[in-house]
Structure formats: structure tokens, C-alpha cells
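Enquirer: Before we start, here is the structure in question, set down as C-alpha cells.
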Amino acid sequence: MAVFSDEDYLAADDVEFRARFRERTHHTLEIQVYAAAYRNKTLSPTQADTAKHLSELWVRRGLPTDAHDYLLAQKFIEFADILSQGGKVDLSAYAPRPVSPEWEEAFFTIVRDRRSVREFTGERTPDELINKILDAGLWAAHSCNLQSIRYLVIREETSPGLFLGSDIPGGPVHLVVLQDERVYRANPYMPVRNHLLDAGAAAQNIVLAAHAAGLEGVWLTFNDAIIKRLKDKFSLPDYITPVTYVDVGYGDQTPYPVLRPPVEEMILGRA
């Protein structure tokens, strides 16, 4: 990867700088901290130097020091300082809560019972519920922690016709998954397929979260006319890419359960 100078970091826009900050912290510190802590090894005293220097540039840029990505980097730096002095980092306090049999059953029920619903009632979906669903999309796995996902929330009742040409009746709520392509400048060697996987992971979380929250929906794709209307209405810059969208609302139909083949038939090999 080409060397990015301090001048380059200071000249970059905030989105690119923060993406590079997250990417460098991930690749130069996070992975190494976890490996050293797990294997009870002493970390190199210089391992955190990149993250520390980028943190100084963060402050020089005047970015908020209570931002989530800055605080995460400081936690990794804290861990690294302990490990570099031969200390131990106990991560047990951060372990996920144990999954009970009831939680496990609920999760797989949500996965298997989710349907693609294309008819909805007139009941209005609260903004608070929409935000909760979109938040689930942000918790999806994302390559290099670049955090490209952006959203549009569009209600058919207030913006009719934007999705004309879709294969379902309009709305009631269109959740559009966008990506800010500027973040991928932080890792120009990343395959394009990773961009699509990042958006797909977010959309999958959204459709599952919608079902878990008592809504139904359908995962859709755009035609060129819809994309143009969205770009024009919201004055989207070239670096914001509409990737996919999910229509959600209170479902008013019960599709027959989709059938799937036995998993054993789909496994092409084991090693």
C-alpha cells in the first residue's frame, strides 16, 4: 500500500481520514492485540505507534474525541501498552452474553419464518422502529471496519412514484442501503466483491431485524430509472452509491413457507 503522509492525512476529507484511521487501527493494532492477549505474549513496544500517531492527527484535525472510532482506538492502545509491558489483558468482561436455548430457538425461528411480504396494512411504521432496524444493519460485519453503509428512509405516502417500476406496490417504507465509496480509499486493494458483501450483510440484518420487530418486508433491487430518481431527489454525490433496498411495513399477507433442500445435499465437500 502506498505511503500516506501526514500531509495527506490532514488534507483528506473527514470521511476518508476516519476510514483510514479505522483501517490502520484494525490492521496494525487490533489484530495484533487480540493475538498477543490470547497467546499470553508480550507485544512489541512500538506496535501501537501508528494508532497513537493517527490519534494525534485526529486531534490536530479537531475531530471529536468522544467519537466511537476514536474511543475504540484508544481502548486498543490501552491494551497494547499493558501487553507491551508484559502485563495481561483480561477480556472476559467483554464476552457476549451466553446464548440460552430459548434465544437460540428464537434466532433460528426468525431466520426460517421470515418471508418476502409484498402487501402491507395502512398502519404507520414508527420512526423509532425504523431506526432500530437500521441500527441492526450497522452491526453487520464490514470489511476492515470501514463502515461504508449509509441510508435513505423514504415513505411512499410523502414521496410517491420514486419507486415506480418496482415489482411490488409502492411502500409503505423504502429503506435504501447506500455506500459511501470514499471509505474504500483506505484500502484500494480490496476486491470489489467486498463492497457488495458489506452492503449485503447490512441488508440481511435489516430484513431479519424487521421480522424480529414485528414488521414484514421484501428485499429488492433497483432499475436505472429508480436510481436516477433517487440521485436527483436527494442530490446524491457520485461517491454515494445506491446498492439495494428493503421495503418494510406491517404485513398484510401470509406467504406459503419457502421450501429449501436439505443442507446435506448442498455441501459439495468436506475436508
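Residue numbering restarts at 1 in every chain; chains get A, B, ... in the order shown in the C-alpha cells, and ligands count up from 1 in that same order.
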May I have a table of the residues of region 61-104 of chain A lying at most 10 Å from region 32-38 of chain A, giving each one's closest pair of atoms and their distance in Å to one decimal, counting only C-alpha atoms, ordered by chain and ascending residue number, as CSV?
Expert:
```
residue,atom,partner,partner_atom,distance
A:Phe76,CA,A:Val33,CA,7.1
A:Ile77,CA,A:Val33,CA,8.8
A:Glu78,CA,A:Val33,CA,10.0
A:Phe79,CA,A:Val33,CA,6.9
A:Ala80,CA,A:Val33,CA,6.0
A:Asp81,CA,A:Val33,CA,9.7
A:Ile82,CA,A:Ala37,CA,9.8
A:Leu83,CA,A:Ala37,CA,7.2
A:Ser84,CA,A:Ala36,CA,9.4
A:Gly87,CA,A:Ala37,CA,9.3
A:Lys88,CA,A:Ala37,CA,6.8
A:Val89,CA,A:Ala37,CA,6.0
A:Asp90,CA,A:Ala37,CA,7.9
A:Leu91,CA,A:Ala37,CA,8.4
```
Enquirer: For the selection just defined, write its residues with C-alpha atoms to a file, as an mmCIF file, in the first residue's frame.
Expert:
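File produced: out-v8.cif:
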```cif
data_model
loop_
_atom_site.group_PDB
_atom_site.id
_atom_site.type_symbol
_atom_site.label_atom_id
_atom_site.label_comp_id
_atom_site.auth_asym_id
_atom_site.auth_seq_id
_atom_site.Cartn_x
_atom_site.Cartn_y
_atom_site.Cartn_z
ATOM 1 C CA PHE A 76 -6.735 -0.857 21.738
ATOM 2 C CA ILE A 77 -3.860 1.487 22.598
ATOM 3 C CA GLU A 78 -4.583 0.921 26.291
ATOM 4 C CA PHE A 79 -4.497 -2.838 25.795
ATOM 5 C CA ALA A 80 -1.295 -2.583 23.751
ATOM 6 C CA ASP A 81 0.500 -0.571 26.433
ATOM 7 C CA ILE A 82 -0.339 -3.236 29.020
ATOM 8 C CA LEU A 83 0.762 -6.091 26.767
ATOM 9 C CA SER A 84 3.988 -4.353 25.732
ATOM 10 C CA GLY A 87 1.076 -7.434 31.543
ATOM 11 C CA LYS A 88 -2.080 -9.403 30.951
ATOM 12 C CA VAL A 89 -5.286 -8.177 29.373
ATOM 13 C CA ASP A 90 -8.399 -9.863 30.683
ATOM 14 C CA LEU A 91 -11.108 -9.602 28.031
#
```
Enquirer: From the DSSP assignment of the backbone, select every residue of region 4-186 of chain A that is helix (DSSP H, G or I), and format the answer as a ChimeraX atom specification.
Expert: /A:6-11,14-39,49-61,68-84,92-94,101-113,127-138,143-145,181-186
Enquirer: Export, as a short mmCIF file (atom, residue, chain, number, x, y, z; two decimals), in the first residue's frame, the selected residues with C-alpha atoms.
Expert:
```cif
data_model
loop_
_atom_site.label_atom_id
_atom_site.label_comp_id
_atom_site.auth_asym_id
_atom_site.auth_seq_id
_atom_site.Cartn_x
_atom_site.Cartn_y
_atom_site.Cartn_z
CA ASP A 6 0.85 13.32 7.45
CA GLU A 7 0.08 15.98 4.88
CA ASP A 8 -2.14 13.50 3.03
CA TYR A 9 -3.97 12.58 6.22
CA LEU A 10 -4.54 16.22 7.11
CA ALA A 11 -5.68 17.11 3.59
CA ASP A 14 -13.19 13.70 7.26
CA VAL A 15 -14.86 10.58 5.87
CA GLU A 16 -11.68 9.32 4.21
CA PHE A 17 -9.49 10.24 7.16
CA ARG A 18 -11.72 8.40 9.61
CA ALA A 19 -11.88 5.36 7.34
CA ARG A 20 -8.10 5.28 7.10
CA PHE A 21 -7.90 5.76 10.87
CA ARG A 22 -10.16 2.74 11.41
CA GLU A 23 -8.43 0.61 8.78
CA ARG A 24 -4.93 1.28 10.09
CA THR A 25 -6.01 0.72 13.69
CA HIS A 26 -7.59 -2.58 12.65
CA HIS A 27 -4.62 -3.87 10.66
CA THR A 28 -1.72 -2.54 12.74
CA LEU A 29 -3.08 -2.92 16.25
CA GLU A 30 -6.44 -4.62 16.82
CA ILE A 31 -5.47 -7.96 15.26
CA GLN A 32 -2.07 -7.99 17.00
CA VAL A 33 -3.54 -7.06 20.40
CA TYR A 34 -6.01 -9.91 20.32
CA ALA A 35 -3.37 -12.40 19.18
CA ALA A 36 -0.94 -11.38 21.93
CA ALA A 37 -3.62 -11.40 24.62
CA TYR A 38 -4.86 -14.84 23.58
CA ARG A 39 -1.37 -16.38 23.45
CA ASP A 49 2.84 3.71 17.32
CA THR A 50 0.72 4.01 14.16
CA ALA A 51 -2.55 4.24 16.10
CA LYS A 52 -1.03 6.73 18.54
CA HIS A 53 0.27 8.93 15.73
CA LEU A 54 -3.04 8.84 13.88
CA SER A 55 -4.76 9.75 17.15
CA GLU A 56 -2.54 12.84 17.32
CA LEU A 57 -3.56 13.73 13.76
CA TRP A 58 -7.19 13.19 14.75
CA VAL A 59 -6.82 15.82 17.47
CA ARG A 60 -4.96 18.17 15.13
CA ARG A 61 -7.88 17.95 12.71
CA HIS A 68 -16.92 5.86 18.54
CA ASP A 69 -13.96 5.14 16.25
CA TYR A 70 -11.57 7.32 18.25
CA LEU A 71 -12.65 5.76 21.55
CA LEU A 72 -12.22 2.25 20.14
CA ALA A 73 -8.69 3.06 19.02
CA GLN A 74 -7.84 4.40 22.49
CA LYS A 75 -9.03 1.15 24.03
CA PHE A 76 -6.74 -0.86 21.74
CA ILE A 77 -3.86 1.49 22.60
CA GLU A 78 -4.58 0.92 26.29
CA PHE A 79 -4.50 -2.84 25.79
CA ALA A 80 -1.30 -2.58 23.75
CA ASP A 81 0.50 -0.57 26.43
CA ILE A 82 -0.34 -3.24 29.02
CA LEU A 83 0.76 -6.09 26.77
CA SER A 84 3.99 -4.35 25.73
CA SER A 92 -13.58 -11.83 29.84
CA ALA A 93 -15.67 -8.84 30.90
CA TYR A 94 -16.45 -8.18 27.23
CA PRO A 101 -31.66 -22.43 24.41
CA GLU A 102 -34.60 -20.03 24.16
CA TRP A 103 -32.51 -17.39 22.39
CA GLU A 104 -31.12 -19.98 20.03
CA GLU A 105 -34.59 -21.24 19.17
CA ALA A 106 -35.85 -17.67 18.69
CA PHE A 107 -32.99 -16.81 16.34
CA PHE A 108 -33.47 -19.81 14.07
CA THR A 109 -37.23 -19.25 14.14
CA ILE A 110 -36.71 -15.71 12.87
CA VAL A 111 -34.35 -16.94 10.14
CA ARG A 112 -36.72 -19.67 8.95
CA ASP A 113 -40.02 -17.82 9.37
CA ASP A 127 -39.59 6.23 13.06
CA GLU A 128 -38.22 4.74 16.28
CA LEU A 129 -38.80 1.23 14.97
CA ILE A 130 -37.24 2.08 11.62
CA ASN A 131 -34.14 3.43 13.36
CA LYS A 132 -33.89 0.27 15.45
CA ILE A 133 -33.96 -1.86 12.30
CA LEU A 134 -31.40 0.32 10.52
CA ASP A 135 -29.14 0.15 13.56
CA ALA A 136 -29.12 -3.63 13.17
CA GLY A 137 -27.78 -3.10 9.65
CA LEU A 138 -24.85 -1.10 11.04
CA SER A 143 -14.57 -5.44 5.78
CA CYS A 144 -11.71 -3.66 7.56
CA ASN A 145 -14.25 -1.85 9.76
CA GLU A 181 -17.29 4.85 -1.64
CA ARG A 182 -14.80 7.28 -0.11
CA VAL A 183 -14.11 4.89 2.74
CA TYR A 184 -12.69 2.29 0.36
CA ARG A 185 -9.82 4.64 -0.48
CA ALA A 186 -8.39 3.43 2.82
#
```
Enquirer: Per DSSP on the backbone, what are the strand (DSSP E) residues of region 40-245 of chain A, as a PyMOL selection string?
Expert: chain A and resi 149-155+173-180+216-220+240-245
Enquirer: Write out, as an mmCIF file, in the first residue's frame, the residues just selected, with N, CA and C atoms.
Expert:
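Final file, again39.cif:
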```cif
data_model
loop_
_atom_site.group_PDB
_atom_site.id
_atom_site.type_symbol
_atom_site.label_atom_id
_atom_site.label_comp_id
_atom_site.auth_asym_id
_atom_site.auth_seq_id
_atom_site.Cartn_x
_atom_site.Cartn_y
_atom_site.Cartn_z
ATOM 1 N N ILE A 149 -21.722 1.935 5.101
ATOM 2 C CA ILE A 149 -23.179 1.910 4.957
ATOM 3 C C ILE A 149 -23.811 3.261 5.293
ATOM 4 N N ARG A 150 -24.675 3.704 4.372
ATOM 5 C CA ARG A 150 -25.491 4.895 4.580
ATOM 6 C C ARG A 150 -26.930 4.523 4.213
ATOM 7 N N TYR A 151 -27.899 5.371 4.585
ATOM 8 C CA TYR A 151 -29.306 5.032 4.352
ATOM 9 C C TYR A 151 -30.098 6.210 3.794
ATOM 10 N N LEU A 152 -31.157 5.866 3.099
ATOM 11 C CA LEU A 152 -32.273 6.769 2.845
ATOM 12 C C LEU A 152 -33.522 6.108 3.409
ATOM 13 N N VAL A 153 -34.354 6.878 4.077
ATOM 14 C CA VAL A 153 -35.643 6.386 4.571
ATOM 15 C C VAL A 153 -36.720 7.152 3.816
ATOM 16 N N ILE A 154 -37.499 6.447 3.028
ATOM 17 C CA ILE A 154 -38.459 7.102 2.144
ATOM 18 C C ILE A 154 -39.838 6.496 2.367
ATOM 19 N N ARG A 155 -40.782 7.350 2.719
ATOM 20 C CA ARG A 155 -42.161 6.893 2.896
ATOM 21 C C ARG A 155 -42.929 7.123 1.595
ATOM 22 N N VAL A 173 -42.712 1.824 3.412
ATOM 23 C CA VAL A 173 -41.444 2.469 3.748
ATOM 24 C C VAL A 173 -40.332 1.787 2.957
ATOM 25 N N HIS A 174 -39.565 2.586 2.250
ATOM 26 C CA HIS A 174 -38.424 2.076 1.492
ATOM 27 C C HIS A 174 -37.151 2.392 2.273
ATOM 28 N N LEU A 175 -36.404 1.368 2.645
ATOM 29 C CA LEU A 175 -35.132 1.547 3.335
ATOM 30 C C LEU A 175 -34.023 1.284 2.324
ATOM 31 N N VAL A 176 -33.395 2.350 1.878
ATOM 32 C CA VAL A 176 -32.390 2.250 0.825
ATOM 33 C C VAL A 176 -31.004 2.122 1.456
ATOM 34 N N VAL A 177 -30.272 1.100 1.043
ATOM 35 C CA VAL A 177 -28.903 0.886 1.517
ATOM 36 C C VAL A 177 -27.950 1.500 0.495
ATOM 37 N N LEU A 178 -27.196 2.488 0.960
ATOM 38 C CA LEU A 178 -26.200 3.170 0.135
ATOM 39 C C LEU A 178 -24.809 2.860 0.679
ATOM 40 N N GLN A 179 -23.807 3.151 -0.128
ATOM 41 C CA GLN A 179 -22.423 3.052 0.351
ATOM 42 C C GLN A 179 -21.667 4.324 0.009
ATOM 43 N N ASP A 180 -20.914 4.794 0.985
ATOM 44 C CA ASP A 180 -20.023 5.929 0.766
ATOM 45 C C ASP A 180 -18.694 5.366 0.272
ATOM 46 N N GLU A 216 -42.847 -6.772 8.433
ATOM 47 C CA GLU A 216 -42.502 -7.677 7.345
ATOM 48 C C GLU A 216 -41.927 -6.832 6.219
ATOM 49 N N GLY A 217 -41.361 -7.483 5.245
ATOM 50 C CA GLY A 217 -40.772 -6.718 4.167
ATOM 51 C C GLY A 217 -40.275 -7.604 3.052
ATOM 52 N N VAL A 218 -39.636 -6.951 2.086
ATOM 53 C CA VAL A 218 -39.098 -7.671 0.943
ATOM 54 C C VAL A 218 -37.829 -6.951 0.495
ATOM 55 N N TRP A 219 -36.809 -7.732 0.203
ATOM 56 C CA TRP A 219 -35.503 -7.227 -0.217
ATOM 57 C C TRP A 219 -35.519 -7.113 -1.729
ATOM 58 N N LEU A 220 -35.186 -5.905 -2.242
ATOM 59 C CA LEU A 220 -35.352 -5.630 -3.665
ATOM 60 C C LEU A 220 -34.092 -5.016 -4.269
ATOM 61 N N ILE A 240 -21.587 8.450 -3.447
ATOM 62 C CA ILE A 240 -22.644 7.726 -2.737
ATOM 63 C C ILE A 240 -23.351 6.812 -3.737
ATOM 64 N N THR A 241 -23.269 5.511 -3.500
ATOM 65 C CA THR A 241 -23.802 4.528 -4.439
ATOM 66 C C THR A 241 -25.026 3.832 -3.858
ATOM 67 N N PRO A 242 -26.194 3.942 -4.496
ATOM 68 C CA PRO A 242 -27.340 3.116 -4.094
ATOM 69 C C PRO A 242 -27.078 1.664 -4.488
ATOM 70 N N VAL A 243 -27.216 0.759 -3.537
ATOM 71 C CA VAL A 243 -26.885 -0.644 -3.795
ATOM 72 C C VAL A 243 -28.127 -1.528 -3.817
ATOM 73 N N THR A 244 -28.988 -1.365 -2.830
ATOM 74 C CA THR A 244 -30.169 -2.217 -2.731
ATOM 75 C C THR A 244 -31.172 -1.525 -1.819
ATOM 76 N N TYR A 245 -32.354 -2.101 -1.679
ATOM 77 C CA TYR A 245 -33.305 -1.524 -0.735
ATOM 78 C C TYR A 245 -34.260 -2.600 -0.222
#
```
Enquirer: Write out as number ranges by chain which residues come within 9 Å of Ser166 (chain A) when counting only C-alpha atoms, dropping same-chain ones fewer than 6 positions away.
Expert: A: 220-223, 226
Enquirer: Provide the CA of Thr121 (chain A) to CA of Tyr250 (chain A) distance in Å, to one decimal place.
Expert: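 Calculated distance between CA of Thr121 (chain A) and CA of Tyr250 (chain A) is 5.7 Å.
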Enquirer: What is the CA of Asn187 (chain A)-CA of Val207 (chain A) distance in Å, reported with one decimal?
Expert: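 Value for the CA of Asn187 (chain A)-CA of Val207 (chain A) distance: 28.7 Å.
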